[in-house]
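Asks: The structure's right below; bear with me while I get my questions together.
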Amino acid sequence: MNTAETVTEKIIKKNLSITFMESCTSGLLASMFTDTSGASAVFKGSLVTYSNEMKVAAGVPAQIIEEHGVYSAECARAMAETVKRIYGADIAIGITGTTGNVDPANKDSVLGEAFCCIMFGNEFHDLHIKEDVSRLSRKEIKQRYADRVYERLRDLLL
């Protein structure tokens, strides 16, 4: 059993609900969660907001992106807060970062860097992921980020 399956089973057993707002992982976190039988009992839904416009349309304050950048802990936190508000889940996760290349439209992007916020109840748990991804494909980078998020979530559920 992998970490995501372990986490999903723990969340089901504890009867906690969960939601995601993903950018750089493009829905992989939600997909991994729903790979486990019974996930539908606690999975509220998720948003994939790859563009800044969609983050703002979903409810992330444009001011957060303007002041801190889309690749920031502040943006990840706002994403978690936004998706928690939309779905009303016990656990809400926001993740933003770069995969495969530095974003040519954003001077703040760093290859192999992602920011995640896990909102557990009303508590924020920030995760700054910084990896050497120079030899990895975009798919491998997304998987690496997702694995790190599930490891952190597992630790929070203990």
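Residues in the structure tokens are numbered from 1 in each chain, the chains being A, B, ... in the order shown, and ligands are numbered from 1 in the order shown.
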Leaving out Val42 in chain A and any residue of its chain fewer than 3 positions from it, which residues lie within 9 Å of it when counting only C-alpha atoms, given as an MDAnalysis selection string?
Replies: chainID A and resid 8 11:12 15:19 38:39 89
Asks: With only C-alpha atoms as the counted atoms, please give the residues lying no more than 12 Å from Tyr87 in chain A, apart from itself and same-chain residues fewer than 6 positions off, as a PyMOL selection string.
Replies: chain A and resi 17-21+42-47+58+80-81+93
Asks: Keeping only N, CA and C atoms, take the residues you just selected and write them out as a PDB file, in the first residue's frame.
Replies:
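Done, and the output landed in result-v7.pdb:
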ATOM      1  N   SER A  17     -13.652  14.933   5.763  1.00  0.00           N
ATOM      2  CA  SER A  17     -13.825  15.254   4.347  1.00  0.00           C
ATOM      3  C   SER A  17     -12.596  16.008   3.837  1.00  0.00           C
ATOM      4  N   ILE A  18     -12.359  15.920   2.524  1.00  0.00           N
ATOM      5  CA  ILE A  18     -11.166  16.514   1.938  1.00  0.00           C
ATOM      6  C   ILE A  18     -11.475  17.109   0.566  1.00  0.00           C
ATOM      7  N   THR A  19     -10.727  18.142   0.219  1.00  0.00           N
ATOM      8  CA  THR A  19     -10.819  18.799  -1.075  1.00  0.00           C
ATOM      9  C   THR A  19      -9.450  19.333  -1.474  1.00  0.00           C
ATOM     10  N   PHE A  20      -9.277  19.585  -2.753  1.00  0.00           N
ATOM     11  CA  PHE A  20      -7.998  20.062  -3.286  1.00  0.00           C
ATOM     12  C   PHE A  20      -8.230  21.222  -4.246  1.00  0.00           C
ATOM     13  N   MET A  21      -7.263  22.152  -4.278  1.00  0.00           N
ATOM     14  CA  MET A  21      -7.172  23.162  -5.326  1.00  0.00           C
ATOM     15  C   MET A  21      -5.754  23.060  -5.852  1.00  0.00           C
ATOM     16  N   VAL A  42     -15.825  10.595   1.419  1.00  0.00           N
ATOM     17  CA  VAL A  42     -15.193  11.731   2.090  1.00  0.00           C
ATOM     18  C   VAL A  42     -14.617  12.775   1.134  1.00  0.00           C
ATOM     19  N   PHE A  43     -14.536  12.459  -0.144  1.00  0.00           N
ATOM     20  CA  PHE A  43     -13.977  13.390  -1.127  1.00  0.00           C
ATOM     21  C   PHE A  43     -15.076  14.318  -1.619  1.00  0.00           C
ATOM     22  N   LYS A  44     -14.928  15.610  -1.309  1.00  0.00           N
ATOM     23  CA  LYS A  44     -15.949  16.595  -1.646  1.00  0.00           C
ATOM     24  C   LYS A  44     -15.884  17.047  -3.106  1.00  0.00           C
ATOM     25  N   GLY A  45     -14.709  16.968  -3.708  1.00  0.00           N
ATOM     26  CA  GLY A  45     -14.480  17.492  -5.045  1.00  0.00           C
ATOM     27  C   GLY A  45     -13.200  18.311  -5.030  1.00  0.00           C
ATOM     28  N   SER A  46     -12.833  18.809  -6.206  1.00  0.00           N
ATOM     29  CA  SER A  46     -11.600  19.593  -6.274  1.00  0.00           C
ATOM     30  C   SER A  46     -11.638  20.536  -7.461  1.00  0.00           C
ATOM     31  N   LEU A  47     -10.686  21.440  -7.471  1.00  0.00           N
ATOM     32  CA  LEU A  47     -10.517  22.383  -8.575  1.00  0.00           C
ATOM     33  C   LEU A  47      -9.096  22.278  -9.110  1.00  0.00           C
ATOM     34  N   ALA A  58     -12.010  31.515  -9.078  1.00  0.00           N
ATOM     35  CA  ALA A  58     -12.465  30.598  -8.025  1.00  0.00           C
ATOM     36  C   ALA A  58     -12.556  31.282  -6.668  1.00  0.00           C
ATOM     37  N   ALA A  80      -5.921  27.040  -0.526  1.00  0.00           N
ATOM     38  CA  ALA A  80      -6.513  26.124   0.457  1.00  0.00           C
ATOM     39  C   ALA A  80      -7.742  26.755   1.105  1.00  0.00           C
ATOM     40  N   GLU A  81      -7.628  28.013   1.494  1.00  0.00           N
ATOM     41  CA  GLU A  81      -8.771  28.708   2.107  1.00  0.00           C
ATOM     42  C   GLU A  81      -9.953  28.785   1.139  1.00  0.00           C
ATOM     43  N   ILE A  93      -6.504  21.411   0.622  1.00  0.00           N
ATOM     44  CA  ILE A  93      -5.107  21.487   0.193  1.00  0.00           C
ATOM     45  C   ILE A  93      -5.000  22.361  -1.047  1.00  0.00           C
TER      46      ILE A  93
END
Asks: Extract, using only C-alpha atoms, all DNA, RNA and protein residues at most 10 Å from Cys24 in chain A, discarding same-chain residues fewer than 6 positions from it, and format them as a ChimeraX atom specification.
Replies: /A:48-51,71,95-99,113-115,138,141-142,145-146
Asks: Based on DSSP run over this structure's backbone, return all residues of range 2-158 of chain A in strand (DSSP E), as number ranges by chain.
Replies: A: 18-22, 43-48, 91-97, 113-120, 123-130
Asks: Selected residues, N, CA and C atoms, written as a CSV table (one decimal), in the first residue's frame, please.
Replies:
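Dumped to again00.csv:
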chain,number,residue,atom,x,y,z
A,18,ILE,N,-12.4,15.9,2.5
A,18,ILE,CA,-11.2,16.5,1.9
A,18,ILE,C,-11.5,17.1,0.6
A,19,THR,N,-10.7,18.1,0.2
A,19,THR,CA,-10.8,18.8,-1.1
A,19,THR,C,-9.5,19.3,-1.5
A,20,PHE,N,-9.3,19.6,-2.8
A,20,PHE,CA,-8.0,20.1,-3.3
A,20,PHE,C,-8.2,21.2,-4.2
A,21,MET,N,-7.3,22.2,-4.3
A,21,MET,CA,-7.2,23.2,-5.3
A,21,MET,C,-5.8,23.1,-5.9
A,22,GLU,N,-5.6,22.5,-7.1
A,22,GLU,CA,-4.3,22.2,-7.6
A,22,GLU,C,-4.0,23.1,-8.8
A,43,PHE,N,-14.5,12.5,-0.1
A,43,PHE,CA,-14.0,13.4,-1.1
A,43,PHE,C,-15.1,14.3,-1.6
A,44,LYS,N,-14.9,15.6,-1.3
A,44,LYS,CA,-15.9,16.6,-1.6
A,44,LYS,C,-15.9,17.0,-3.1
A,45,GLY,N,-14.7,17.0,-3.7
A,45,GLY,CA,-14.5,17.5,-5.0
A,45,GLY,C,-13.2,18.3,-5.0
A,46,SER,N,-12.8,18.8,-6.2
A,46,SER,CA,-11.6,19.6,-6.3
A,46,SER,C,-11.6,20.5,-7.5
A,47,LEU,N,-10.7,21.4,-7.5
A,47,LEU,CA,-10.5,22.4,-8.6
A,47,LEU,C,-9.1,22.3,-9.1
A,48,VAL,N,-9.0,22.3,-10.4
A,48,VAL,CA,-7.7,22.4,-11.1
A,48,VAL,C,-7.7,23.8,-11.7
A,91,ILE,N,-10.5,19.0,5.5
A,91,ILE,CA,-9.1,19.2,5.1
A,91,ILE,C,-9.2,19.8,3.7
A,92,ALA,N,-8.4,20.9,3.5
A,92,ALA,CA,-8.3,21.5,2.2
A,92,ALA,C,-6.9,21.7,1.9
A,93,ILE,N,-6.5,21.4,0.6
A,93,ILE,CA,-5.1,21.5,0.2
A,93,ILE,C,-5.0,22.4,-1.0
A,94,GLY,N,-4.1,23.3,-1.0
A,94,GLY,CA,-3.7,24.1,-2.2
A,94,GLY,C,-2.3,23.9,-2.5
A,95,ILE,N,-2.0,23.8,-3.8
A,95,ILE,CA,-0.6,23.6,-4.3
A,95,ILE,C,-0.4,24.4,-5.6
A,96,THR,N,0.8,25.1,-5.6
A,96,THR,CA,1.2,25.8,-6.8
A,96,THR,C,2.7,25.7,-6.9
A,97,GLY,N,3.2,25.7,-8.1
A,97,GLY,CA,4.6,25.6,-8.3
A,97,GLY,C,5.0,25.4,-9.8
A,113,GLU,N,10.4,24.0,-7.7
A,113,GLU,CA,9.9,24.6,-6.4
A,113,GLU,C,8.4,24.6,-6.4
A,114,ALA,N,7.8,24.1,-5.4
A,114,ALA,CA,6.3,24.2,-5.2
A,114,ALA,C,6.0,24.6,-3.8
A,115,PHE,N,4.8,25.2,-3.6
A,115,PHE,CA,4.3,25.6,-2.3
A,115,PHE,C,3.0,25.0,-2.1
A,116,CYS,N,2.8,24.4,-0.9
A,116,CYS,CA,1.6,23.7,-0.6
A,116,CYS,C,1.1,24.2,0.8
A,117,CYS,N,-0.2,24.2,0.9
A,117,CYS,CA,-0.8,24.5,2.2
A,117,CYS,C,-1.8,23.5,2.5
A,118,ILE,N,-1.7,22.8,3.6
A,118,ILE,CA,-2.7,21.9,4.1
A,118,ILE,C,-3.5,22.5,5.2
A,119,MET,N,-4.7,22.8,5.0
A,119,MET,CA,-5.6,23.4,6.0
A,119,MET,C,-6.4,22.3,6.6
A,120,PHE,N,-6.0,22.0,7.9
A,120,PHE,CA,-6.7,21.0,8.7
A,120,PHE,C,-7.5,21.7,9.7
A,123,GLU,N,-6.4,25.2,11.1
A,123,GLU,CA,-4.9,25.3,11.2
A,123,GLU,C,-4.3,25.2,9.8
A,124,PHE,N,-3.2,26.0,9.6
A,124,PHE,CA,-2.5,26.0,8.3
A,124,PHE,C,-1.2,25.2,8.5
A,125,HIS,N,-0.9,24.4,7.6
A,125,HIS,CA,0.4,23.6,7.6
A,125,HIS,C,1.0,23.8,6.2
A,126,ASP,N,2.1,24.7,6.2
A,126,ASP,CA,2.7,25.0,5.0
A,126,ASP,C,3.8,24.0,4.6
A,127,LEU,N,4.0,23.7,3.4
A,127,LEU,CA,5.0,22.8,2.9
A,127,LEU,C,5.7,23.5,1.7
A,128,HIS,N,7.0,23.7,1.8
A,128,HIS,CA,7.8,24.3,0.7
A,128,HIS,C,8.6,23.2,0.1
A,129,ILE,N,8.3,22.8,-1.1
A,129,ILE,CA,9.0,21.7,-1.8
A,129,ILE,C,10.1,22.3,-2.7
A,130,LYS,N,11.3,21.9,-2.5
A,130,LYS,CA,12.4,22.3,-3.4
A,130,LYS,C,13.2,21.1,-3.8
Asks: So that I can check the secondary structure, give me every residue of chain A assigned helix (DSSP H, G or I) by backbone DSSP, as JSON, numbers by chain.
Replies: {"A": [3, 4, 5, 6, 7, 8, 9, 10, 11, 12, 13, 14, 28, 29, 30, 31, 32, 33, 39, 40, 41, 52, 53, 54, 55, 56, 57, 58, 62, 63, 64, 65, 66, 67, 68, 73, 74, 75, 76, 77, 78, 79, 80, 81, 82, 83, 84, 85, 86, 87, 138, 139, 140, 141, 142, 143, 144, 145, 146, 147, 148, 149, 150, 151, 152, 153, 154, 155, 156, 157]}
Asks: Could you write those residues out with C-alpha atoms, as an mmCIF file, in the first residue's frame?
Replies:
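See selection-v7.cif below for the written result:
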data_model
loop_
_atom_site.group_PDB
_atom_site.id
_atom_site.type_symbol
_atom_site.label_atom_id
_atom_site.label_comp_id
_atom_site.auth_asym_id
_atom_site.auth_seq_id
_atom_site.Cartn_x
_atom_site.Cartn_y
_atom_site.Cartn_z
ATOM 1 C CA THR A 3 1.286 6.580 1.096
ATOM 2 C CA ALA A 4 -1.709 8.048 -0.749
ATOM 3 C CA GLU A 5 -3.735 4.889 -0.143
ATOM 4 C CA THR A 6 -2.747 4.884 3.532
ATOM 5 C CA VAL A 7 -3.789 8.530 3.866
ATOM 6 C CA THR A 8 -7.077 7.961 2.073
ATOM 7 C CA GLU A 9 -7.933 5.004 4.299
ATOM 8 C CA LYS A 10 -7.104 7.029 7.438
ATOM 9 C CA ILE A 11 -9.308 9.900 6.280
ATOM 10 C CA ILE A 12 -12.155 7.477 5.539
ATOM 11 C CA LYS A 13 -11.736 5.778 8.922
ATOM 12 C CA LYS A 14 -11.747 9.159 10.724
ATOM 13 C CA LEU A 28 -2.975 14.371 -9.574
ATOM 14 C CA LEU A 29 -3.589 14.729 -5.825
ATOM 15 C CA ALA A 30 -7.331 14.254 -6.290
ATOM 16 C CA SER A 31 -6.782 11.400 -8.717
ATOM 17 C CA MET A 32 -4.493 9.586 -6.283
ATOM 18 C CA PHE A 33 -7.000 10.085 -3.466
ATOM 19 C CA ALA A 39 -12.989 7.641 -1.211
ATOM 20 C CA SER A 40 -16.322 8.952 -2.483
ATOM 21 C CA ALA A 41 -17.620 8.957 1.092
ATOM 22 C CA ASN A 52 -3.937 32.770 -12.571
ATOM 23 C CA GLU A 53 -7.263 33.853 -14.049
ATOM 24 C CA MET A 54 -8.955 30.665 -12.886
ATOM 25 C CA LYS A 55 -7.431 30.943 -9.407
ATOM 26 C CA VAL A 56 -8.923 34.434 -9.116
ATOM 27 C CA ALA A 57 -12.250 33.355 -10.658
ATOM 28 C CA ALA A 58 -12.465 30.598 -8.025
ATOM 29 C CA ALA A 62 -5.862 38.854 -7.079
ATOM 30 C CA GLN A 63 -3.987 41.002 -4.560
ATOM 31 C CA ILE A 64 -2.297 37.874 -3.120
ATOM 32 C CA ILE A 65 -0.956 36.941 -6.557
ATOM 33 C CA GLU A 66 0.053 40.538 -7.318
ATOM 34 C CA GLU A 67 1.859 41.068 -3.997
ATOM 35 C CA HIS A 68 3.406 37.645 -3.380
ATOM 36 C CA ALA A 73 3.281 30.142 0.256
ATOM 37 C CA GLU A 74 0.716 32.938 0.441
ATOM 38 C CA CYS A 75 -0.903 31.846 -2.817
ATOM 39 C CA ALA A 76 -0.990 28.180 -1.726
ATOM 40 C CA ARG A 77 -2.618 29.247 1.547
ATOM 41 C CA ALA A 78 -5.213 31.347 -0.277
ATOM 42 C CA MET A 79 -5.925 28.386 -2.552
ATOM 43 C CA ALA A 80 -6.513 26.124 0.457
ATOM 44 C CA GLU A 81 -8.771 28.708 2.107
ATOM 45 C CA THR A 82 -10.708 29.208 -1.117
ATOM 46 C CA VAL A 83 -11.376 25.527 -1.772
ATOM 47 C CA LYS A 84 -12.263 24.968 1.891
ATOM 48 C CA ARG A 85 -14.828 27.753 1.638
ATOM 49 C CA ILE A 86 -16.262 26.336 -1.612
ATOM 50 C CA TYR A 87 -16.566 22.713 -0.475
ATOM 51 C CA ARG A 138 6.903 16.897 -16.046
ATOM 52 C CA LYS A 139 4.951 13.783 -15.086
ATOM 53 C CA GLU A 140 7.725 12.678 -12.713
ATOM 54 C CA ILE A 141 7.913 16.158 -11.167
ATOM 55 C CA LYS A 142 4.164 16.201 -10.520
ATOM 56 C CA GLN A 143 4.414 12.754 -8.965
ATOM 57 C CA ARG A 144 7.296 13.870 -6.740
ATOM 58 C CA TYR A 145 5.296 16.873 -5.527
ATOM 59 C CA ALA A 146 2.187 14.751 -4.929
ATOM 60 C CA ASP A 147 4.181 12.169 -2.967
ATOM 61 C CA ARG A 148 5.618 14.905 -0.739
ATOM 62 C CA VAL A 149 2.142 16.301 -0.065
ATOM 63 C CA TYR A 150 0.810 12.866 0.881
ATOM 64 C CA GLU A 151 3.804 12.260 3.157
ATOM 65 C CA ARG A 152 3.083 15.522 4.978
ATOM 66 C CA LEU A 153 -0.615 14.732 5.190
ATOM 67 C CA ARG A 154 0.183 11.280 6.593
ATOM 68 C CA ASP A 155 2.312 12.892 9.310
ATOM 69 C CA LEU A 156 -0.502 15.307 10.205
ATOM 70 C CA LEU A 157 -2.995 12.452 10.549
#
Asks: As an exercise, work out the distance from CA of Arg135 in chain A to CA of Thr34 in chain A in Å and give it to one decimal place.
Replies: 28.8 Å
Asks: By how many Å are CA of Val70 in chain A and CA of Thr25 in chain A apart?
Replies: 14.2 Å
